[in-house]
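Peer 1: Below: one structure in structure tokens.
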Protein chains: 2
Amino acid sequence: METKTLSKAAPIIELPKPLEQLSEGEVERKACIGRLMTYTLNNLTSQFVEKDFQWLLPVALSQSTDPLWPDPGASIEKRIEVDIYGKTVRTTASMIIHKLIASSLAYPKLFILSPNIRIEKAERAKTGKHIYEFTQLDFEARNASTKGVMTLVEEVICNLLTSMKQDMKEELSLLCRCDTLELPKRPFKVYDRQELEVDYGADWEEGIAQETSDPVWVTNIPREFYDFEDFTTGKWDNYDLFMPQYGEVLSGAKREWEYEKILKKIERDNVDKYNYALVLKLAKEEKLKPTAGGGIGMERLVGWISGVEHVAETQPFPRAGNSAR
Amino acid sequence: METKTLSKAAPIIELPKPLEQLSEGEVERKACIGRLMTYTLNNLTSQFVEKDFQWLLPVALSQSTDPLWPDPGASIEKRIEVDIYGKTVRTTASMIIHKLIASSLAYPKLFILSPNIRIEKAERAKTGKHIYEFTQLDFEARNASTKGVMTLVEEVICNLLTSMKQDMKEELSLLCRCDTLELPKRPFKVYDRQELEVDYGADWEEGIAQETSDPVWVTNIPREFYDFEDFTTGKWDNYDLFMPQYGEVLSGAKREWEYEKILKKIERDNVDKYNYALVLKLAKEEKLKPTAGGGIGMERLVGWISGVEHVAETQPFPRAGNSAR
């Protein structure tokens, strides 16, 4: 999942220049953001390892990738499919299905630095938040609850910010973030998406991100079949994390694990059952376990920390626009 | 680069079973290899960060990927190309070109956990060493020498093995590697490929891997345009690292940086100049710097440590054969 609605009033953000067009000062700034990325990756992966999460390597081509559908602001321009060894595979949009299977069968607590490809409609590059390649720190834990995941994420992010403010003063100062990057109070506030719609209308994502001065959770967001939906109340047991004056940096959920529900939702969403045959089979055999997890967008998190205008500024080779190097 | 020749006498290794077909004992073994992978990733990334290498996130689709050519045992069945935003891009075979540019322009010392896609001819899956997706810890350093890279790699690998033998006794014991996984003596021996050809013929890779009881370097291997070639002596300033009773786990080189040489080699190799326009332009403007580096195949390194038959056993979702999940 990605932030879906684009505020009508949203400014158009210029695409970052490629490395070879940067001035000396701009290279210095780029390298400085790079050091914050290095610090963040090393700090977060070490924290997850410390907490007994297994570090899995990503898959790039697979049969069962994220359908990214239904999505109220559907924004995918192109889905990449290719035949290898007589089978049709897709470039990874997210490893959600692999996480469910791996967590259920062999690695109860896991994380992956997972590069995701989402060929967004070209105009989305100008939101400053969308890039067609990004890396998620994608984690999942068997038998975890929404509350458990929220506590974990809050702890991990506050630990990161605490050490970073200590160890990376020079970088934060160069980016003018020494004073403005505050250590959030825990626990973070939790909003229901329906409340926010009352206050902000369809633009609630932009609304809450601009209004809050602390990170906030938003729950109960209708989306893909794998997020847990309570058929009685109609509520979704999922969550996004929004950073102040920035926007969404994490998306996650408690997951479905029961065959009948998954099948019903796949059919309701008009998603191709064939591509999810394995997860359906495992659910039917009661081998799929209840899990919960999320994905932290690394470029967005470091983008928020660095205070960049465009998230692609955190990328050595910006993945926005048509200038693929 | 990958191990290129397949011994005529090489045994055919069975492809590993997918997660959902493993018995309880096999899952335990898989999870155990997973813990060694977690340990290795965390240990190596921390060591590179400690040594002031910047941690870059990978690119998945790009204009300039590794040509993997000329390659005496050329083994690529299919190259994946796709149009996005009006431009033809390829899935990453290696980030070599990006490393040269990034190291020259903004991140003098860098590393990437880079997923590489190489759709090898189907029969190569049976060597036990080839998978169509794997992750390299791909590093590069401005102004580094071959000797410098060798020293760095030897130190990093010996540090890893020393701590692992201390911290992961249970896992190594379950895999029967407590006694057989020895701490290598440094410096590792260095062979010239031409000497090995005299001793072992075309099968020198298999020959030296089977004969040696310590890791060894092999230098002077003719290959892609970006590896440094001395036009006077005809020698290549590059290197592969071979593990005893296993095979190659790292490939690297000092690189070319001079325009005339790069152009000449690209033309000699019949590689499409258009795809390397940026690196040629930078070289012409003398913005490309001399660098050296290498890529450690994470699945192969952990495969060697774990003593697996097939390198795909180190993957939660084995990338060998036609069973993409």
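Residues are named by chain letter and number: chains run A, B, ... in the order of the structure tokens, numbers start at 1 in each chain, and ligands are numbered from 1 in the order shown.
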Pick out the residues sitting within 6 Å of B:Leu137, and hand them over as a count of residues only; count only C-alpha atoms, and ignore anything fewer than 2 positions along from it in its own chain.
Peer 2: 4
Peer 1: Produce a table with one row for each residue of chain B that has an atom at most 7 Å from any atom of chain A, each row naming the nearest atom pair and its distance in Å at one decimal; use only C-alpha atoms; arrange rows by chain and rising residue number; format as a tab-separated table.
Peer 2:
```
residue	atom	partner	partner_atom	distance
B:Leu19	CA	A:Leu105	CA	7.0
B:Val27	CA	A:Ala106	CA	6.0
B:Ala31	CA	A:Ala106	CA	6.1
B:Gly34	CA	A:Gln54	CA	6.9
B:Arg35	CA	A:Gln54	CA	6.4
B:Thr38	CA	A:Trp55	CA	4.7
B:Asn42	CA	A:Ser46	CA	6.7
B:Ser46	CA	A:Asn42	CA	6.7
B:Gln54	CA	A:Thr38	CA	5.7
B:Trp55	CA	A:Thr38	CA	4.7
B:Ser62	CA	A:Arg325	CA	5.4
B:Gln63	CA	A:Arg325	CA	5.3
B:Ser64	CA	A:Arg325	CA	6.4
B:Tyr85	CA	A:Asn322	CA	5.4
B:Lys87	CA	A:Asn322	CA	6.8
B:Leu105	CA	A:Leu19	CA	7.0
B:Ala106	CA	A:Val27	CA	6.0
B:Tyr107	CA	A:Ala31	CA	6.5
B:Asn322	CA	A:Tyr85	CA	5.4
B:Ala324	CA	A:Ser62	CA	5.6
B:Arg325	CA	A:Gln63	CA	5.3
```
Peer 1: Could you pull out the strand (DSSP E or B) residues of stretch 57-296 of chain A, going by DSSP on the backbone, and write them as a ChimeraX atom specification?
Peer 2: /A:61-62,76-78,81-84,87-91,109-117,119-120,133-142,189-192,216-219,227,229,236,238-243,247-255,291-296
Peer 1: Work out how far atom CA of B:Arg124 is from atom CA of B:Tyr239, in Å to one decimal.
Peer 2: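 For atom CA of B:Tyr239 relative to atom CA of B:Arg124, the distance reads 22.7 Å.
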Peer 1: Do you have the atom CA of B:Tyr259-atom CA of B:Lys284 distance handy?
Peer 2: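 Atom CA of B:Lys284 lies 5.1 Å from atom CA of B:Tyr259.
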Peer 1: Could you go through stretch 42-217 of chain A and tell me which residues DSSP, when run on the backbone, assigns to helix (DSSP H, G or I), listing them as a ChimeraX atom specification?
Peer 2: /A:42-50,96-105,122-127,146-167,169-174,193-211
Peer 1: With distances taken over only C-alpha atoms, which residue among A:Ala202, A:Ala292, A:Leu250, A:Ile33 lies nearest A:Gln136?
Peer 2: A:Leu250
